[in-house]
Amino acid sequence: MSHEIRTPMNAVIGFTDLMLMDGKQLSNDYQEYLEIIRNSGKLLLTLVNDILDLSKIEAGELKLENKDFFLGEVLRTVECNAHGMLARKGNNIDLKPPSLVSINSYSDNHRDLVVIDGIEGSVVGDPTRLHQLLPRVFGNNKKHWQALIDPLNDILDLSKIESGQLLLENKDFFLGEVLRTVECNAHGMLARKGNNIDLKPPSLVSINSYSDNHRDLMIIDGIEGRVVGDPTRLQQVLNNLLSNAIKFTKSGSIEYGVNILTGGSADMLEFYVTDTGVGIPEQKQKEVFEPFRQAHGSEGSKTLGGTGLGLSIAHKLVENMGGEMSLKSSINPMDHGSSFKFTIPYIVACPMNKKARVGEIDYVVGQAGRVVKGVKLERLSGRVLVVDDNRINLKLCQRFLTRIGCVTETAENGKVAIAKFQQYGDSLDVILMDKEMPVMDGFETVSKIRAIEISENRIPTPIVAVTAAAMAGDREECLAVGCDDYLTKPLSHVALNSVLSKYLSKMK
């Protein structure tokens, strides 16, 4: 897990440092951008380490060292770090470290050894964890960023599931649309891997009698109507299983699909993903659904990647959706491969008829915030108020909006946002609203703006929630308080451009 996250972070911070070394060739703006990337990357790495440590501790997997070390050497490093933090903060605070004594009788590395006055000998414990603990008391390569975000999402999902906080949606959707997206993702993964594997998706039928978004609708042959469930989590399970199959299959084929199981106490949908990969040894098959475990051990993780969470999350999601997951696998050289199957309840929403509307489904361009190559961003005209307490987020939105032609105004909290809203009146075309802010949060701000509009008989200004709250139910919560649209962070420029184009005039 640590390897999966540190590798992309190394690229982000390392290449940023290399670009900053050529600072004389960069404009002041670009040097500022790179400094923001580097500092944000280092902060993110600290947060990642904290999340990993917490996961390890709660899972009982944290292993402490037990070796001799000089306590004074740890405190010397901590003191240097503390002075650095104070310098960055710019406060005139008197730091009072413990009394350290410099002696050379223990030195074997060409410098004096620092010991604590009264504790001259070595002690036994874990100096690395002690060094980590003490500072807590004091208080642009897109592929690499995505490689970091995916494991973080896995950790957050697992934490939600294990704490019983995972909320599943229960809405109508077309199963064929989910499988169409899964197929596109699978082809993308195969293209990146570069292997000549035959992908065999289920039979999809294209129809256009229900389309109101300028493209045909995809349905599964034999399952025409809408079903009820959580399409996002179903897609996540299928993506995880297919990602695992692609990772461990060097040649041959990968087949997936769905069948209807009848005759039991309730009808079920049975999904399957079958590959001709290396297979999983029988003694390891029970472990693959455990978090932070991989059937091929640490060597498989290093060479093929992965966090050891994908199958565990898929298994737990299926259980939460009222189904079961099973595995059959063989490492026999003549018949190797794996077959994962899972079931979920088959609940029909309505039969296919001429009154069904595709517009009831939310179609996402650029899944999981990934910007699709070749997408042309619309040039838009209008005044946009960006409300966010993070100055980097403000600057990022401001620069992007300027590039596509918008005039921008900013506010660092809800109180300032209301003042700007009253100042610009009807000349304000869209508001991008953060949720969590000091002084006045996003929800309270939206409520006050809507109240002002009602009292002054004004046409409502479109408000788009832009928030890190990305769990099931968060979208509905934002819309319920008066927002017109909803976007999640990290913010995709494609998604932002798409939403703004609903409310702003397009420039020719």
# chains A, B, ... in the order shown; residues from 1 in each chain; ligands from 1

$ select_by_dssp --residues "region 387-459 of chain A" --states "strand (DSSP E)" --output "NGL selection string"
:A and (387 or 407-411 or 430-433)

$ atom_distance --atom1 "CA of Asp267 (chain A)" --atom2 "CA of Val182 (chain A)"
23.4 Å

$ residues_around --residues "Tyr33 (chain A)" --least-positions-apart "4" --cutoff "12 Å" --atoms "only C-alpha atoms" --output "list in words"
Thr16, Asp17, Met19, Leu20, Gly23, Leu26, Ser27, Asn28, Asp29, Ile37, Arg38, Asn39, Ser40, Asn140, Ile392, Lys395, Leu396 and Arg399 of chain A

$ write_last_selection --atoms "C-alpha atoms" --output "mmCIF file, in the first residue's frame"
data_model
loop_
_atom_site.group_PDB
_atom_site.id
_atom_site.type_symbol
_atom_site.label_atom_id
_atom_site.label_comp_id
_atom_site.auth_asym_id
_atom_site.auth_seq_id
_atom_site.Cartn_x
_atom_site.Cartn_y
_atom_site.Cartn_z
ATOM 1 C CA THR A 16 8.438 19.338 -9.704
ATOM 2 C CA ASP A 17 11.790 19.798 -7.964
ATOM 3 C CA MET A 19 11.527 21.815 -13.018
ATOM 4 C CA LEU A 20 12.194 24.278 -10.204
ATOM 5 C CA GLY A 23 13.844 28.332 -12.431
ATOM 6 C CA LEU A 26 10.447 29.840 -16.048
ATOM 7 C CA SER A 27 8.200 32.851 -15.620
ATOM 8 C CA ASN A 28 7.309 33.981 -12.103
ATOM 9 C CA ASP A 29 3.795 32.559 -12.527
ATOM 10 C CA ILE A 37 2.414 21.680 -6.454
ATOM 11 C CA ARG A 38 5.501 20.728 -4.462
ATOM 12 C CA ASN A 39 4.260 22.068 -1.126
ATOM 13 C CA SER A 40 0.799 20.565 -1.623
ATOM 14 C CA ASN A 140 2.173 17.537 -13.237
ATOM 15 C CA ILE A 392 -5.027 27.547 -3.750
ATOM 16 C CA LYS A 395 -6.504 30.518 -7.597
ATOM 17 C CA LEU A 396 -6.918 27.253 -9.523
ATOM 18 C CA ARG A 399 -7.072 30.710 -13.614
#

$ residues_around --residues "region 454-464 of chain A" --least-positions-apart "6" --cutoff "6 Å" --atoms "only C-alpha atoms" --output "PyMOL selection string"
chain A and resi 430-433+483-486

$ atom_distance --atom1 "CA of Glu73 (chain A)" --atom2 "CA of Ile13 (chain A)"
27.6 Å

$ residues_around --residues "Thr343 (chain A)" --least-positions-apart "3" --cutoff "12 Å" --atoms "only C-alpha atoms" --output "PDB file with all heavy atoms, in the first residue's frame"
ATOM      1  N   LEU A 234     -22.131  -0.804  -8.191  1.00  0.00           N
ATOM      2  CA  LEU A 234     -22.071  -1.965  -9.072  1.00  0.00           C
ATOM      3  C   LEU A 234     -20.941  -1.809 -10.084  1.00  0.00           C
ATOM      4  O   LEU A 234     -20.165  -2.745 -10.325  1.00  0.00           O
ATOM      5  CB  LEU A 234     -23.410  -2.135  -9.794  1.00  0.00           C
ATOM      6  CG  LEU A 234     -23.464  -3.240 -10.863  1.00  0.00           C
ATOM      7  CD1 LEU A 234     -23.149  -4.604 -10.252  1.00  0.00           C
ATOM      8  CD2 LEU A 234     -24.815  -3.251 -11.554  1.00  0.00           C
ATOM      9  N   VAL A 237     -17.587  -2.446  -8.363  1.00  0.00           N
ATOM     10  CA  VAL A 237     -17.288  -3.870  -8.171  1.00  0.00           C
ATOM     11  C   VAL A 237     -16.782  -4.486  -9.470  1.00  0.00           C
ATOM     12  O   VAL A 237     -15.764  -5.192  -9.500  1.00  0.00           O
ATOM     13  CB  VAL A 237     -18.535  -4.623  -7.662  1.00  0.00           C
ATOM     14  CG1 VAL A 237     -18.272  -6.128  -7.648  1.00  0.00           C
ATOM     15  CG2 VAL A 237     -18.916  -4.153  -6.258  1.00  0.00           C
ATOM     16  N   LEU A 238     -17.487  -4.230 -10.571  1.00  0.00           N
ATOM     17  CA  LEU A 238     -17.087  -4.794 -11.862  1.00  0.00           C
ATOM     18  C   LEU A 238     -15.726  -4.259 -12.303  1.00  0.00           C
ATOM     19  O   LEU A 238     -14.894  -5.005 -12.826  1.00  0.00           O
ATOM     20  CB  LEU A 238     -18.145  -4.493 -12.913  1.00  0.00           C
ATOM     21  CG  LEU A 238     -19.464  -5.282 -12.777  1.00  0.00           C
ATOM     22  CD1 LEU A 238     -20.539  -4.702 -13.683  1.00  0.00           C
ATOM     23  CD2 LEU A 238     -19.244  -6.759 -13.089  1.00  0.00           C
ATOM     24  N   GLY A 257     -19.994 -10.904 -17.842  1.00  0.00           N
ATOM     25  CA  GLY A 257     -21.380 -10.750 -18.246  1.00  0.00           C
ATOM     26  C   GLY A 257     -22.318 -10.910 -17.075  1.00  0.00           C
ATOM     27  O   GLY A 257     -21.909 -10.875 -15.908  1.00  0.00           O
ATOM     28  N   VAL A 258     -23.601 -11.123 -17.363  1.00  0.00           N
ATOM     29  CA  VAL A 258     -24.611 -11.223 -16.324  1.00  0.00           C
ATOM     30  C   VAL A 258     -25.701 -12.181 -16.772  1.00  0.00           C
ATOM     31  O   VAL A 258     -26.043 -12.261 -17.955  1.00  0.00           O
ATOM     32  CB  VAL A 258     -25.207  -9.829 -16.004  1.00  0.00           C
ATOM     33  CG1 VAL A 258     -25.811  -9.199 -17.266  1.00  0.00           C
ATOM     34  CG2 VAL A 258     -26.243  -9.890 -14.898  1.00  0.00           C
ATOM     35  N   ASN A 259     -26.232 -12.939 -15.815  1.00  0.00           N
ATOM     36  CA  ASN A 259     -27.352 -13.843 -16.048  1.00  0.00           C
ATOM     37  C   ASN A 259     -28.434 -13.583 -15.009  1.00  0.00           C
ATOM     38  O   ASN A 259     -28.166 -13.025 -13.936  1.00  0.00           O
ATOM     39  CB  ASN A 259     -26.912 -15.311 -15.959  1.00  0.00           C
ATOM     40  CG  ASN A 259     -25.882 -15.667 -17.007  1.00  0.00           C
ATOM     41  OD1 ASN A 259     -26.076 -15.421 -18.188  1.00  0.00           O
ATOM     42  ND2 ASN A 259     -24.767 -16.260 -16.567  1.00  0.00           N
ATOM     43  N   ILE A 260     -29.650 -13.992 -15.315  1.00  0.00           N
ATOM     44  CA  ILE A 260     -30.737 -13.914 -14.346  1.00  0.00           C
ATOM     45  C   ILE A 260     -30.919 -15.281 -13.703  1.00  0.00           C
ATOM     46  O   ILE A 260     -31.068 -16.292 -14.403  1.00  0.00           O
ATOM     47  CB  ILE A 260     -32.047 -13.472 -15.018  1.00  0.00           C
ATOM     48  CG1 ILE A 260     -31.877 -12.102 -15.677  1.00  0.00           C
ATOM     49  CG2 ILE A 260     -33.184 -13.429 -14.004  1.00  0.00           C
ATOM     50  CD1 ILE A 260     -33.109 -11.648 -16.446  1.00  0.00           C
ATOM     51  N   LEU A 261     -30.883 -15.327 -12.364  1.00  0.00           N
ATOM     52  CA  LEU A 261     -31.101 -16.571 -11.633  1.00  0.00           C
ATOM     53  C   LEU A 261     -32.514 -16.553 -11.055  1.00  0.00           C
ATOM     54  O   LEU A 261     -32.883 -15.636 -10.309  1.00  0.00           O
ATOM     55  CB  LEU A 261     -30.079 -16.720 -10.504  1.00  0.00           C
ATOM     56  CG  LEU A 261     -28.595 -16.768 -10.901  1.00  0.00           C
ATOM     57  CD1 LEU A 261     -27.733 -16.958  -9.658  1.00  0.00           C
ATOM     58  CD2 LEU A 261     -28.330 -17.889 -11.899  1.00  0.00           C
ATOM     59  N   THR A 262     -33.304 -17.543 -11.406  1.00  0.00           N
ATOM     60  CA  THR A 262     -34.678 -17.639 -10.902  1.00  0.00           C
ATOM     61  C   THR A 262     -34.851 -18.965 -10.159  1.00  0.00           C
ATOM     62  O   THR A 262     -33.994 -19.831 -10.191  1.00  0.00           O
ATOM     63  CB  THR A 262     -35.698 -17.559 -12.050  1.00  0.00           C
ATOM     64  OG1 THR A 262     -35.442 -18.631 -12.959  1.00  0.00           O
ATOM     65  CG2 THR A 262     -35.592 -16.236 -12.784  1.00  0.00           C
ATOM     66  N   ALA A 266     -35.839 -15.420  -4.153  1.00  0.00           N
ATOM     67  CA  ALA A 266     -35.929 -14.146  -4.865  1.00  0.00           C
ATOM     68  C   ALA A 266     -35.066 -14.231  -6.121  1.00  0.00           C
ATOM     69  O   ALA A 266     -34.054 -14.928  -6.145  1.00  0.00           O
ATOM     70  CB  ALA A 266     -35.460 -12.996  -3.977  1.00  0.00           C
ATOM     71  N   ASP A 267     -35.480 -13.539  -7.162  1.00  0.00           N
ATOM     72  CA  ASP A 267     -34.670 -13.506  -8.380  1.00  0.00           C
ATOM     73  C   ASP A 267     -33.394 -12.715  -8.124  1.00  0.00           C
ATOM     74  O   ASP A 267     -33.398 -11.705  -7.402  1.00  0.00           O
ATOM     75  CB  ASP A 267     -35.459 -12.857  -9.520  1.00  0.00           C
ATOM     76  CG  ASP A 267     -36.622 -13.733  -9.985  1.00  0.00           C
ATOM     77  OD1 ASP A 267     -36.659 -14.913  -9.585  1.00  0.00           O
ATOM     78  OD2 ASP A 267     -37.488 -13.229 -10.720  1.00  0.00           O
ATOM     79  N   MET A 268     -32.309 -13.176  -8.729  1.00  0.00           N
ATOM     80  CA  MET A 268     -31.009 -12.535  -8.534  1.00  0.00           C
ATOM     81  C   MET A 268     -30.354 -12.289  -9.891  1.00  0.00           C
ATOM     82  O   MET A 268     -30.586 -13.009 -10.860  1.00  0.00           O
ATOM     83  CB  MET A 268     -30.077 -13.405  -7.686  1.00  0.00           C
ATOM     84  CG  MET A 268     -30.628 -13.812  -6.330  1.00  0.00           C
ATOM     85  SD  MET A 268     -30.788 -12.430  -5.164  1.00  0.00           S
ATOM     86  CE  MET A 268     -29.075 -12.220  -4.667  1.00  0.00           C
ATOM     87  N   LEU A 269     -29.518 -11.255  -9.945  1.00  0.00           N
ATOM     88  CA  LEU A 269     -28.637 -11.038 -11.085  1.00  0.00           C
ATOM     89  C   LEU A 269     -27.268 -11.624 -10.720  1.00  0.00           C
ATOM     90  O   LEU A 269     -26.711 -11.289  -9.675  1.00  0.00           O
ATOM     91  CB  LEU A 269     -28.491  -9.549 -11.387  1.00  0.00           C
ATOM     92  CG  LEU A 269     -29.711  -8.839 -11.970  1.00  0.00           C
ATOM     93  CD1 LEU A 269     -29.459  -7.332 -12.051  1.00  0.00           C
ATOM     94  CD2 LEU A 269     -30.065  -9.382 -13.347  1.00  0.00           C
ATOM     95  N   GLU A 270     -26.756 -12.511 -11.566  1.00  0.00           N
ATOM     96  CA  GLU A 270     -25.448 -13.116 -11.326  1.00  0.00           C
ATOM     97  C   GLU A 270     -24.446 -12.565 -12.345  1.00  0.00           C
ATOM     98  O   GLU A 270     -24.584 -12.769 -13.548  1.00  0.00           O
ATOM     99  CB  GLU A 270     -25.506 -14.631 -11.443  1.00  0.00           C
ATOM    100  CG  GLU A 270     -24.154 -15.291 -11.176  1.00  0.00           C
ATOM    101  CD  GLU A 270     -24.167 -16.778 -11.487  1.00  0.00           C
ATOM    102  OE1 GLU A 270     -24.442 -17.140 -12.661  1.00  0.00           O
ATOM    103  OE2 GLU A 270     -23.892 -17.570 -10.569  1.00  0.00           O
ATOM    104  N   PHE A 271     -23.448 -11.842 -11.848  1.00  0.00           N
ATOM    105  CA  PHE A 271     -22.388 -11.299 -12.698  1.00  0.00           C
ATOM    106  C   PHE A 271     -21.168 -12.226 -12.606  1.00  0.00           C
ATOM    107  O   PHE A 271     -20.917 -12.846 -11.559  1.00  0.00           O
ATOM    108  CB  PHE A 271     -21.999  -9.897 -12.245  1.00  0.00           C
ATOM    109  CG  PHE A 271     -23.114  -8.887 -12.362  1.00  0.00           C
ATOM    110  CD1 PHE A 271     -24.061  -8.755 -11.361  1.00  0.00           C
ATOM    111  CD2 PHE A 271     -23.213  -8.068 -13.479  1.00  0.00           C
ATOM    112  CE1 PHE A 271     -25.087  -7.829 -11.463  1.00  0.00           C
ATOM    113  CE2 PHE A 271     -24.233  -7.142 -13.597  1.00  0.00           C
ATOM    114  CZ  PHE A 271     -25.176  -7.029 -12.586  1.00  0.00           C
ATOM    115  N   TYR A 272     -20.408 -12.290 -13.681  1.00  0.00           N
ATOM    116  CA  TYR A 272     -19.204 -13.130 -13.663  1.00  0.00           C
ATOM    117  C   TYR A 272     -18.071 -12.439 -14.414  1.00  0.00           C
ATOM    118  O   TYR A 272     -18.290 -11.675 -15.367  1.00  0.00           O
ATOM    119  CB  TYR A 272     -19.490 -14.494 -14.302  1.00  0.00           C
ATOM    120  CG  TYR A 272     -19.945 -14.430 -15.744  1.00  0.00           C
ATOM    121  CD1 TYR A 272     -19.029 -14.454 -16.790  1.00  0.00           C
ATOM    122  CD2 TYR A 272     -21.306 -14.331 -16.047  1.00  0.00           C
ATOM    123  CE1 TYR A 272     -19.453 -14.375 -18.116  1.00  0.00           C
ATOM    124  CE2 TYR A 272     -21.740 -14.254 -17.363  1.00  0.00           C
ATOM    125  CZ  TYR A 272     -20.807 -14.279 -18.397  1.00  0.00           C
ATOM    126  OH  TYR A 272     -21.231 -14.191 -19.703  1.00  0.00           O
ATOM    127  N   ALA A 314     -14.701  -4.956  -3.130  1.00  0.00           N
ATOM    128  CA  ALA A 314     -15.738  -5.535  -3.993  1.00  0.00           C
ATOM    129  C   ALA A 314     -16.570  -6.557  -3.229  1.00  0.00           C
ATOM    130  O   ALA A 314     -17.809  -6.564  -3.316  1.00  0.00           O
ATOM    131  CB  ALA A 314     -15.087  -6.181  -5.213  1.00  0.00           C
ATOM    132  N   HIS A 315     -15.896  -7.418  -2.467  1.00  0.00           N
ATOM    133  CA  HIS A 315     -16.582  -8.459  -1.691  1.00  0.00           C
ATOM    134  C   HIS A 315     -17.530  -7.839  -0.669  1.00  0.00           C
ATOM    135  O   HIS A 315     -18.687  -8.255  -0.530  1.00  0.00           O
ATOM    136  CB  HIS A 315     -15.529  -9.333  -1.012  1.00  0.00           C
ATOM    137  CG  HIS A 315     -16.091 -10.507  -0.271  1.00  0.00           C
ATOM    138  ND1 HIS A 315     -16.259 -10.499   1.105  1.00  0.00           N
ATOM    139  CD2 HIS A 315     -16.531 -11.712  -0.695  1.00  0.00           C
ATOM    140  CE1 HIS A 315     -16.775 -11.661   1.475  1.00  0.00           C
ATOM    141  NE2 HIS A 315     -16.948 -12.411   0.407  1.00  0.00           N
ATOM    142  N   LEU A 317     -18.780  -4.742  -0.684  1.00  0.00           N
ATOM    143  CA  LEU A 317     -19.859  -4.003  -1.342  1.00  0.00           C
ATOM    144  C   LEU A 317     -20.986  -4.939  -1.760  1.00  0.00           C
ATOM    145  O   LEU A 317     -22.165  -4.621  -1.587  1.00  0.00           O
ATOM    146  CB  LEU A 317     -19.318  -3.256  -2.568  1.00  0.00           C
ATOM    147  CG  LEU A 317     -18.524  -1.976  -2.307  1.00  0.00           C
ATOM    148  CD1 LEU A 317     -17.928  -1.442  -3.608  1.00  0.00           C
ATOM    149  CD2 LEU A 317     -19.394  -0.918  -1.650  1.00  0.00           C
ATOM    150  N   VAL A 318     -20.624  -6.099  -2.317  1.00  0.00           N
ATOM    151  CA  VAL A 318     -21.629  -7.073  -2.737  1.00  0.00           C
ATOM    152  C   VAL A 318     -22.449  -7.532  -1.532  1.00  0.00           C
ATOM    153  O   VAL A 318     -23.686  -7.636  -1.609  1.00  0.00           O
ATOM    154  CB  VAL A 318     -20.968  -8.267  -3.444  1.00  0.00           C
ATOM    155  CG1 VAL A 318     -21.963  -9.405  -3.635  1.00  0.00           C
ATOM    156  CG2 VAL A 318     -20.415  -7.832  -4.798  1.00  0.00           C
ATOM    157  N   GLU A 319     -21.790  -7.808  -0.420  1.00  0.00           N
ATOM    158  CA  GLU A 319     -22.515  -8.213   0.786  1.00  0.00           C
ATOM    159  C   GLU A 319     -23.471  -7.115   1.241  1.00  0.00           C
ATOM    160  O   GLU A 319     -24.603  -7.394   1.654  1.00  0.00           O
ATOM    161  CB  GLU A 319     -21.522  -8.546   1.905  1.00  0.00           C
ATOM    162  CG  GLU A 319     -20.766  -9.852   1.684  1.00  0.00           C
ATOM    163  CD  GLU A 319     -19.839 -10.180   2.839  1.00  0.00           C
ATOM    164  OE1 GLU A 319     -19.482  -9.238   3.584  1.00  0.00           O
ATOM    165  OE2 GLU A 319     -19.478 -11.351   3.005  1.00  0.00           O
ATOM    166  N   ASN A 320     -23.019  -5.845   1.168  1.00  0.00           N
ATOM    167  CA  ASN A 320     -23.871  -4.727   1.556  1.00  0.00           C
ATOM    168  C   ASN A 320     -25.043  -4.549   0.608  1.00  0.00           C
ATOM    169  O   ASN A 320     -26.089  -4.005   1.003  1.00  0.00           O
ATOM    170  CB  ASN A 320     -23.052  -3.432   1.626  1.00  0.00           C
ATOM    171  CG  ASN A 320     -22.328  -3.252   2.954  1.00  0.00           C
ATOM    172  OD1 ASN A 320     -22.830  -2.585   3.850  1.00  0.00           O
ATOM    173  ND2 ASN A 320     -21.169  -3.862   3.086  1.00  0.00           N
ATOM    174  N   MET A 321     -24.887  -4.989  -0.637  1.00  0.00           N
ATOM    175  CA  MET A 321     -25.984  -4.890  -1.606  1.00  0.00           C
ATOM    176  C   MET A 321     -26.912  -6.092  -1.539  1.00  0.00           C
ATOM    177  O   MET A 321     -27.838  -6.213  -2.344  1.00  0.00           O
ATOM    178  CB  MET A 321     -25.419  -4.736  -3.024  1.00  0.00           C
ATOM    179  CG  MET A 321     -24.787  -3.367  -3.273  1.00  0.00           C
ATOM    180  SD  MET A 321     -24.348  -3.058  -5.022  1.00  0.00           S
ATOM    181  CE  MET A 321     -22.888  -4.068  -5.197  1.00  0.00           C
ATOM    182  N   GLY A 322     -26.671  -7.005  -0.588  1.00  0.00           N
ATOM    183  CA  GLY A 322     -27.566  -8.141  -0.397  1.00  0.00           C
ATOM    184  C   GLY A 322     -27.215  -9.352  -1.223  1.00  0.00           C
ATOM    185  O   GLY A 322     -28.077 -10.210  -1.469  1.00  0.00           O
ATOM    186  N   GLY A 323     -25.954  -9.457  -1.655  1.00  0.00           N
ATOM    187  CA  GLY A 323     -25.551 -10.584  -2.473  1.00  0.00           C
ATOM    188  C   GLY A 323     -24.362 -11.330  -1.904  1.00  0.00           C
ATOM    189  O   GLY A 323     -23.960 -11.124  -0.760  1.00  0.00           O
ATOM    190  N   GLU A 324     -23.780 -12.213  -2.715  1.00  0.00           N
ATOM    191  CA  GLU A 324     -22.631 -13.015  -2.319  1.00  0.00           C
ATOM    192  C   GLU A 324     -21.619 -13.033  -3.465  1.00  0.00           C
ATOM    193  O   GLU A 324     -21.985 -12.900  -4.635  1.00  0.00           O
ATOM    194  CB  GLU A 324     -23.053 -14.445  -1.983  1.00  0.00           C
ATOM    195  CG  GLU A 324     -23.996 -14.562  -0.795  1.00  0.00           C
ATOM    196  CD  GLU A 324     -24.398 -16.008  -0.525  1.00  0.00           C
ATOM    197  OE1 GLU A 324     -24.145 -16.863  -1.418  1.00  0.00           O
ATOM    198  OE2 GLU A 324     -24.967 -16.283   0.543  1.00  0.00           O
ATOM    199  N   MET A 325     -20.337 -13.240  -3.110  1.00  0.00           N
ATOM    200  CA  MET A 325     -19.285 -13.351  -4.105  1.00  0.00           C
ATOM    201  C   MET A 325     -18.547 -14.664  -3.895  1.00  0.00           C
ATOM    202  O   MET A 325     -18.287 -15.073  -2.752  1.00  0.00           O
ATOM    203  CB  MET A 325     -18.309 -12.170  -4.016  1.00  0.00           C
ATOM    204  CG  MET A 325     -17.181 -12.224  -5.058  1.00  0.00           C
ATOM    205  SD  MET A 325     -16.105 -10.752  -5.035  1.00  0.00           S
ATOM    206  CE  MET A 325     -17.211  -9.527  -5.747  1.00  0.00           C
ATOM    207  N   SER A 326     -18.183 -15.313  -4.996  1.00  0.00           N
ATOM    208  CA  SER A 326     -17.458 -16.581  -4.915  1.00  0.00           C
ATOM    209  C   SER A 326     -16.298 -16.573  -5.898  1.00  0.00           C
ATOM    210  O   SER A 326     -16.246 -15.753  -6.830  1.00  0.00           O
ATOM    211  CB  SER A 326     -18.399 -17.757  -5.220  1.00  0.00           C
ATOM    212  OG  SER A 326     -18.908 -17.653  -6.537  1.00  0.00           O
ATOM    213  N   PHE A 340     -14.566 -15.182 -11.000  1.00  0.00           N
ATOM    214  CA  PHE A 340     -15.270 -14.548  -9.892  1.00  0.00           C
ATOM    215  C   PHE A 340     -16.738 -14.407 -10.278  1.00  0.00           C
ATOM    216  O   PHE A 340     -17.065 -13.994 -11.403  1.00  0.00           O
ATOM    217  CB  PHE A 340     -14.697 -13.163  -9.594  1.00  0.00           C
ATOM    218  CG  PHE A 340     -13.351 -13.181  -8.935  1.00  0.00           C
ATOM    219  CD1 PHE A 340     -12.192 -13.249  -9.693  1.00  0.00           C
ATOM    220  CD2 PHE A 340     -13.231 -13.131  -7.553  1.00  0.00           C
ATOM    221  CE1 PHE A 340     -10.952 -13.263  -9.100  1.00  0.00           C
ATOM    222  CE2 PHE A 340     -11.992 -13.137  -6.938  1.00  0.00           C
ATOM    223  CZ  PHE A 340     -10.846 -13.205  -7.720  1.00  0.00           C
ATOM    224  N   TYR A 346     -32.368  -8.933  -8.047  1.00  0.00           N
ATOM    225  CA  TYR A 346     -32.872  -8.480  -9.342  1.00  0.00           C
ATOM    226  C   TYR A 346     -34.236  -7.839  -9.118  1.00  0.00           C
ATOM    227  O   TYR A 346     -35.244  -8.528  -8.955  1.00  0.00           O
ATOM    228  CB  TYR A 346     -32.968  -9.660 -10.307  1.00  0.00           C
ATOM    229  CG  TYR A 346     -33.533  -9.330 -11.674  1.00  0.00           C
ATOM    230  CD1 TYR A 346     -33.323  -8.082 -12.254  1.00  0.00           C
ATOM    231  CD2 TYR A 346     -34.276 -10.274 -12.379  1.00  0.00           C
ATOM    232  CE1 TYR A 346     -33.826  -7.783 -13.504  1.00  0.00           C
ATOM    233  CE2 TYR A 346     -34.789  -9.994 -13.644  1.00  0.00           C
ATOM    234  CZ  TYR A 346     -34.561  -8.741 -14.205  1.00  0.00           C
ATOM    235  OH  TYR A 346     -35.062  -8.444 -15.444  1.00  0.00           O
TER     236      TYR A 346
END

$ residues_around --residues "region 377-391 of chain A" --least-positions-apart "3" --cutoff "7 Å" --atoms "only C-alpha atoms" --output "count of residues only"
29

$ closest_residue --among "A:Ile313, A:Ile254, A:Tyr503, A:Phe15" --to "Ile161 (chain A)" --atoms "only C-alpha atoms"
A:Ile313

$ closest_residue --among "A:Asn239, A:Lys286, A:Lys200, A:Phe69" --to "Thr181 (chain A)" --atoms "only C-alpha atoms"
A:Asn239

$ atom_distance --atom1 "CA of Asn196 (chain A)" --atom2 "CA of Pro8 (chain A)"
26.3 Å

$ residues_around --residues "Gly229 (chain A)" --least-positions-apart "5" --cutoff "9 Å" --atoms "only C-alpha atoms" --output "PyMOL selection string"
chain A and resi 168-173+234+321+344-347

$ write_last_selection --atoms "C-alpha atoms" --output "compact mmCIF listing (two decimals), in the first residue's frame"
# COMPACT_ATOMS: atom_id res chain seq x y z
CA LEU A 168 -25.99 2.73 -0.83
CA GLU A 169 -28.22 4.43 -3.37
CA ASN A 170 -31.48 2.82 -4.39
CA LYS A 171 -32.52 4.21 -7.75
CA ASP A 172 -33.61 3.18 -11.24
CA PHE A 173 -30.93 2.64 -13.89
CA LEU A 234 -22.07 -1.96 -9.07
CA MET A 321 -25.98 -4.89 -1.61
CA ILE A 344 -27.29 -8.94 -6.25
CA PRO A 345 -31.09 -8.82 -5.98
CA TYR A 346 -32.87 -8.48 -9.34
CA ILE A 347 -35.50 -5.78 -8.85

$ closest_residue --among "A:Lys160, A:Ser330, A:Leu242, A:Gln423" --to "Cys184 (chain A)" --atoms "only C-alpha atoms"
A:Leu242
